[in-house]
Amino acid sequence: MITCEDFQNIPSLASGIGYREPWAKVLLETGNGIDFLEITADHFIDSPKWKIDQLKELRQRFTLIPHGLDLSLGSAEGVDEKYLEKLISIIEMVDPPYWSEHLAFTKAGGLELGHLAPLPFSNEAVDVVAKNVQKVRELISLPLILENITYGINMPGHEMSEAKFIRESLNASDCGWLLDVTNLHVNSVNHSFDVSEFLEEAPTERVVQLHYVGFSSNKRGYLIDDHGSPVNDEIWQLMDKVLAICPAKGTILERDSKFPLFSEIIDEAERARSIGKKYMRWD
Ligand SMILES: [Fe+2]
């Protein structure tokens with residue numbers, strides 16, 4: 001069984017970014033201001049040799065944390081074993097202190113949804129996640145952390161709050177929490193709940209890593225986690241609140257589109273590093 005203490009033994013990683021190919025050259029040549037990288041494991045599955053070589057080169061320079069997209073730990077039909085084998089081969093290649101996936105499903109009834117779908121906040125969903133994680137652990141025993149996602153509509157069948165669902169799921173599966181600060185903020189606005197109350201009920205003691213990035217909004221004031229905006233003030237404020245109370249080992253900036261100058265990415269990473277330093281999460 002993996003406990004909170006095991007997560008506390010993970011070394012501090014400080015301030016990193018999600019690796020994106022346009023930044024390969026600058027990262028490999030200098031890497032200044034970036035403490036570690038998150039790699040999207042799916043981008044390297046079945047990829048050509050040059051890409052695997054690039055991954056190995058990045059590994060020589062940085063700690064890499066593999067982040068999976070398509071394991072679908074919330075699928076009642078179980079996980080796809082062939083996909084899992086490929087995922088594990090990427091994870092083992094980069095030898096990380098832990099890896100991450102989502103509290104979500106991407107497959108249902110043999111169909112690929114093509115996106116992360118939210119689970120009903122139910123006891124049955126908690127059991128499905130725990131069962132799937134247990135199966136995965138038979139093949140890979142590294143600590144696993146799960147991320148809270150955004151949801152456009154509330155799924156029918158909720159039996160508890162989202163915060164309690166995260167707590168129950170992580171407890172039942174012995175996983176840490178990849179707390180996506182932007183997803184939390186976006187959900188709190190779109191579904192009108194209080195972030196402080198959420199954090200009181202949520203398993204903040206299980207937080208291992210944060211995600212953050214800017215959000216945008218549509219004309220109706222609905223927030224969108226488009227991963228293509230500079231980090232908004234609301235997100236910096238929430239990062240501060242979260243890092244004050246959560247034993248996070250590191251933060252990852254998740255910029256996926258409308259790439260700015262790399263110096264702007266460095267500045268955002270530096271700001272996240274300084275917030276964590278303020279609360280002695282790292283040196
Ligand atoms: Fe995220």
# chains A, B, ... in the order shown; residues from 1 in each chain; ligands from 1
$ residues_around --residues "A:Glu268" --least-positions-apart "5" --cutoff "9 Å" --atoms "only C-alpha atoms" --output "MDAnalysis selection string"
chainID A and resid 230:231 253 263 273
$ residues_near_ligand --ligand "ligand 1" --cutoff "7 Å" --atoms "only C-alpha atoms and all ligand atoms" --output "list of chain:residue names"
A:Glu147, A:Ile149, A:Asp180, A:Asn183, A:His211, A:Tyr212, A:Glu254
$ write_last_selection --atoms "N, CA and C atoms" --output "PDB file, in the first residue's frame"
ATOM      1  N   GLU A 147      -5.105  13.567 -11.665  1.00  0.00           N
ATOM      2  CA  GLU A 147      -5.449  14.981 -11.853  1.00  0.00           C
ATOM      3  C   GLU A 147      -6.958  15.216 -11.889  1.00  0.00           C
ATOM      4  N   ILE A 149     -10.067  17.159 -13.388  1.00  0.00           N
ATOM      5  CA  ILE A 149     -10.276  17.737 -14.718  1.00  0.00           C
ATOM      6  C   ILE A 149     -11.399  18.779 -14.691  1.00  0.00           C
ATOM      7  N   ASP A 180      -4.739  20.400 -10.434  1.00  0.00           N
ATOM      8  CA  ASP A 180      -4.707  21.403 -11.502  1.00  0.00           C
ATOM      9  C   ASP A 180      -5.442  22.636 -10.989  1.00  0.00           C
ATOM     10  N   ASN A 183      -7.881  24.174 -13.525  1.00  0.00           N
ATOM     11  CA  ASN A 183      -9.130  23.398 -13.612  1.00  0.00           C
ATOM     12  C   ASN A 183     -10.025  23.684 -12.411  1.00  0.00           C
ATOM     13  N   HIS A 211      -0.619  21.667 -11.598  1.00  0.00           N
ATOM     14  CA  HIS A 211      -0.662  22.173 -12.967  1.00  0.00           C
ATOM     15  C   HIS A 211      -1.222  23.585 -12.896  1.00  0.00           C
ATOM     16  N   TYR A 212      -0.785  24.450 -13.782  1.00  0.00           N
ATOM     17  CA  TYR A 212      -1.389  25.785 -13.885  1.00  0.00           C
ATOM     18  C   TYR A 212      -1.128  26.325 -15.284  1.00  0.00           C
ATOM     19  N   GLU A 254       1.337  24.466 -17.991  1.00  0.00           N
ATOM     20  CA  GLU A 254       0.786  23.617 -19.073  1.00  0.00           C
ATOM     21  C   GLU A 254       0.395  24.418 -20.295  1.00  0.00           C
TER      22      GLU A 254
END
$ closest_residue --among "A:Val186, A:Phe121, A:Arg59, A:Asp42" --to "A:Leu84" --atoms "only C-alpha atoms"
A:Asp42
$ select_by_dssp --residues "stretch 8-209 of chain A" --states "helix (DSSP H, G or I)" --output "MDAnalysis selection string"
chainID A and resid 8 21:29 41:44 49:61 81:94 123:137 162:173 181:190 195:201 204:206
$ residues_around --residues "A:Ser161" --least-positions-apart "4" --cutoff "10 Å" --atoms "only C-alpha atoms" --output "PyMOL selection string"
chain A and resi 120-122+165-167+198+201-202
$ residues_around --residues "A:Ala14" --least-positions-apart "5" --cutoff "8 Å" --atoms "only C-alpha atoms" --output "ChimeraX atom specification"
/A:35-36,249-251,273,276,281-282
